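Structure data (mmCIF, C-alpha atoms) from data_18.cif:
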```cif
data_protein
#
loop_
_atom_site.label_atom_id
_atom_site.label_comp_id
_atom_site.auth_asym_id
_atom_site.auth_seq_id
_atom_site.Cartn_x
_atom_site.Cartn_y
_atom_site.Cartn_z
CA MET A 1 0.00 0.00 0.00
CA LYS A 2 1.24 3.42 -0.85
CA GLY A 3 1.02 5.86 2.06
CA GLY A 4 -2.27 4.50 3.34
CA LYS A 5 -3.05 2.78 6.59
CA SER A 6 -3.75 -0.88 6.63
CA LYS A 7 -6.84 -2.33 8.23
CA ALA A 8 -4.71 -3.50 11.12
CA ASP A 9 -3.59 0.07 11.83
CA THR A 10 -7.14 1.39 12.00
CA LYS A 11 -8.32 -1.41 14.28
CA ARG A 12 -5.77 -0.51 16.95
CA GLY A 13 -7.88 2.39 18.18
CA GLU A 14 -5.73 5.14 16.71
CA SER A 15 -8.72 6.84 15.17
CA LYS A 16 -8.71 10.62 15.05
CA LEU A 17 -12.32 10.60 16.16
CA SER A 18 -11.73 8.71 19.36
CA VAL A 19 -11.90 10.58 22.62
CA LYS A 20 -8.78 10.38 24.73
CA LYS A 21 -9.21 9.39 28.31
CA GLY A 22 -8.13 12.05 30.73
CA ALA A 23 -8.54 14.83 28.19
CA PRO A 24 -9.82 18.06 29.73
CA ALA A 25 -13.47 18.87 29.10
CA LYS A 26 -14.19 21.60 26.59
CA LYS A 27 -15.08 24.95 27.99
CA GLY A 28 -18.52 25.88 26.71
CA LYS A 29 -20.25 29.17 26.41
CA PRO A 30 -21.52 30.70 29.62
CA ALA A 31 -25.16 30.00 30.35
CA LYS A 32 -27.60 32.43 28.76
CA ASP A 33 -29.50 34.73 31.07
CA PRO A 34 -33.21 33.81 30.91
CA ASN A 35 -34.13 37.39 31.91
CA LYS A 36 -32.41 38.91 28.86
CA PRO A 37 -34.93 40.24 26.32
CA LYS A 38 -35.24 38.34 23.05
CA ARG A 39 -34.16 40.08 19.86
CA PRO A 40 -37.05 41.51 17.82
CA PRO A 41 -38.15 39.81 14.60
CA SER A 42 -37.38 41.37 11.24
CA ALA A 43 -40.14 42.61 8.95
CA PHE A 44 -40.11 39.27 7.13
CA PHE A 45 -40.74 37.32 10.33
CA VAL A 46 -43.53 39.70 11.32
CA PHE A 47 -45.05 38.96 7.91
CA MET A 48 -44.55 35.21 8.41
CA GLU A 49 -46.47 35.27 11.71
CA GLU A 50 -49.60 36.37 9.82
CA PHE A 51 -48.85 34.33 6.71
CA ARG A 52 -48.61 31.04 8.64
CA VAL A 53 -52.11 31.48 10.00
CA THR A 54 -53.66 32.20 6.60
CA TYR A 55 -51.64 29.46 4.88
CA LYS A 56 -52.73 26.84 7.42
CA GLN A 57 -56.37 27.87 6.98
CA LYS A 58 -56.12 27.47 3.21
CA HIS A 59 -54.05 24.26 3.36
CA PRO A 60 -55.06 22.36 6.52
CA GLN A 61 -53.72 19.04 5.17
CA ASN A 62 -50.18 20.41 4.73
CA LYS A 63 -48.06 19.76 7.86
CA SER A 64 -44.69 20.62 6.31
CA VAL A 65 -42.89 23.56 7.90
CA ALA A 66 -40.62 23.80 4.88
CA ALA A 67 -43.58 24.19 2.52
CA VAL A 68 -45.00 27.02 4.62
CA GLY A 69 -41.63 28.74 4.73
CA LYS A 70 -41.07 28.36 1.01
CA ALA A 71 -44.54 29.69 0.16
CA GLY A 72 -44.03 32.60 2.59
CA GLY A 73 -40.68 33.48 1.05
CA GLU A 74 -42.12 33.49 -2.44
CA LYS A 75 -45.05 35.65 -1.31
CA TRP A 76 -42.69 38.11 0.46
CA LYS A 77 -40.58 38.47 -2.67
CA SER A 78 -43.67 39.20 -4.75
CA LEU A 79 -44.90 41.96 -2.40
CA THR A 80 -44.27 45.58 -3.36
CA ASP A 81 -42.63 48.05 -1.01
CA ALA A 82 -46.03 49.57 -0.26
CA GLU A 83 -47.39 46.16 0.74
CA LYS A 84 -44.33 45.49 2.92
CA ALA A 85 -44.63 48.88 4.71
CA PRO A 86 -47.00 47.79 7.52
CA TYR A 87 -44.73 44.87 8.40
CA ILE A 88 -41.68 47.11 8.37
CA GLN A 89 -43.44 49.56 10.72
CA LYS A 90 -44.40 46.76 13.11
CA ALA A 91 -40.82 45.48 13.06
CA GLU A 92 -39.46 48.97 13.82
CA LYS A 93 -41.92 49.35 16.70
CA ARG A 94 -40.83 46.00 18.14
CA LYS A 95 -37.19 47.02 17.73
CA ALA A 96 -37.81 50.25 19.68
CA ASP A 97 -39.52 48.24 22.46
CA TYR A 98 -36.58 45.83 22.46
CA GLU A 99 -34.07 48.68 22.80
CA LYS A 100 -36.02 50.08 25.77
CA SER A 101 -36.15 46.72 27.48
CA MET A 102 -32.43 46.16 26.79
CA ASN A 103 -31.61 49.52 28.36
CA THR A 104 -33.52 48.61 31.51
CA TYR A 105 -31.95 45.14 31.49
CA ASN A 106 -28.43 46.60 31.18
CA LYS A 107 -29.15 49.10 33.99
CA LYS A 108 -30.24 46.26 36.25
CA LEU A 109 -27.11 44.32 35.39
CA ALA A 110 -24.93 47.34 36.08
CA GLU A 111 -26.63 47.92 39.45
CA GLY A 112 -26.21 44.25 40.33
CA ASN A 113 -22.52 44.35 39.41
CA LYS A 114 -21.97 47.55 41.41
CA GLU A 115 -23.51 45.94 44.48
CA GLU A 116 -21.28 42.88 44.06
CA GLU A 117 -18.21 45.08 43.60
CA GLU A 118 -19.09 47.13 46.68
CA GLU A 119 -19.47 43.98 48.76
CA GLU A 120 -16.11 42.67 47.53
CA SER A 121 -14.39 46.01 48.04
CA ASP A 122 -15.82 46.29 51.58
CA LYS A 123 -14.46 42.86 52.38
CA SER A 124 -11.05 43.65 50.91
CA ARG A 125 -10.90 46.98 52.72
CA SER A 126 -11.70 45.38 56.04
CA GLU A 127 -9.07 42.68 55.52
CA VAL A 128 -6.44 45.28 54.61
CA ASN A 129 -7.41 47.43 57.58
CA ASP A 130 -7.27 44.42 59.89
CA GLU A 131 -3.73 43.64 58.72
CA ASP A 132 -2.68 47.27 59.18
CA ASP A 133 -4.15 47.35 62.68
CA GLU A 134 -2.19 44.26 63.67
CA ASP A 135 1.06 45.78 62.41
CA GLY A 136 0.42 49.06 64.21
CA SER A 137 2.57 51.18 61.95
CA GLY A 138 -0.10 51.88 59.31
CA GLU A 139 2.57 51.72 56.58
CA GLU A 140 3.56 48.85 54.39
CA ASP A 141 6.96 47.24 54.85
CA GLU A 142 9.38 47.89 52.02
CA ASP A 143 12.22 45.55 51.14
CA ASP A 144 15.56 47.09 50.22
CA ASP A 145 16.86 45.03 47.30
#
```
structure tokens encoding of this file:
Amino acid sequence: MKGGKSKADTKRGESKLSVKKGAPAKKGKPAKDPNKPKRPPSAFFVFMEEFRVTYKQKHPQNKSVAAVGKAGGEKWKSLTDAEKAPYIQKAEKRKADYEKSMNTYNKKLAEGNKEEEEEESDKSRSEVNDEDDEDGSGEEDEDDD
């Protein structure tokens, strides 16, 4: 065989896909905050909310999500700008609401972080002050190197 592995080599467990024992676990993304506001839908998705209802009424036998999406995409492409305008306005309104809720969410996060920082800084200040009080001098020792 030229440059290839024999069947015996692959049976030994030297597969690239095998998981090594003792390998460190992958670090995943931090958990998402369930209180964080969801991003607003685009104008197309606002349109699709209404389109799904009408499509399912006209085609009750069709259970395919892909068919509904494909029909909705074709309908959206065929709409004029004037026909798309109400959906665009609804999307912009939802975006404005989202921005307001994100501002309040970020303020709450900032307040929560400030409180945590204050608690930590109070603890660290008291520990430093306790060490200074034990020393009695109030100044840090300096080493002459």
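Atom to atom, CA of Ala85 (chain A) and CA of Met102 (chain A) stand 25.4 Å apart.
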Point-to-point distance in Å for CA of Lys84 (chain A) and CA of Ser64 (chain A):
25.1 Å
What is the distance between CA of Glu115 (chain A) and CA of Ala31 (chain A), in Å to one decimal?
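Straight-line distance from CA of Glu115 (chain A) to CA of Ala31 (chain A) works out to 21.4 Å.
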Care to translate the PyMOL selection byres ((chain A and resi 47) around 9) into actual residues of this file, as a ChimeraX atom specification?
/A:42-46,48-52,72,76,84,87-88
Generate a file of the selected residues that holds C-alpha atoms, formatted as a PDB file, keeping the file's coordinate frame.
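Below is the file that was written, again.pdb:
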```pdb
ATOM      1  CA  SER A  42     -37.380  41.370  11.240  1.00  0.00           C
ATOM      2  CA  ALA A  43     -40.140  42.610   8.950  1.00  0.00           C
ATOM      3  CA  PHE A  44     -40.110  39.270   7.130  1.00  0.00           C
ATOM      4  CA  PHE A  45     -40.740  37.320  10.330  1.00  0.00           C
ATOM      5  CA  VAL A  46     -43.530  39.700  11.320  1.00  0.00           C
ATOM      6  CA  MET A  48     -44.550  35.210   8.410  1.00  0.00           C
ATOM      7  CA  GLU A  49     -46.470  35.270  11.710  1.00  0.00           C
ATOM      8  CA  GLU A  50     -49.600  36.370   9.820  1.00  0.00           C
ATOM      9  CA  PHE A  51     -48.850  34.330   6.710  1.00  0.00           C
ATOM     10  CA  ARG A  52     -48.610  31.040   8.640  1.00  0.00           C
ATOM     11  CA  GLY A  72     -44.030  32.600   2.590  1.00  0.00           C
ATOM     12  CA  TRP A  76     -42.690  38.110   0.460  1.00  0.00           C
ATOM     13  CA  LYS A  84     -44.330  45.490   2.920  1.00  0.00           C
ATOM     14  CA  TYR A  87     -44.730  44.870   8.400  1.00  0.00           C
ATOM     15  CA  ILE A  88     -41.680  47.110   8.370  1.00  0.00           C
TER      16      ILE A  88
END
```
Box time for region 59-72 of chain A: axis-aligned, enclosing all its listed atoms, 3 Å extra on each side; report centre and edge lengths in Å to one decimal, as JSON.
```
{"center_x": -47.8, "center_y": 25.8, "center_z": 4.0, "size_x": 20.4, "size_y": 19.6, "size_z": 13.7}
```
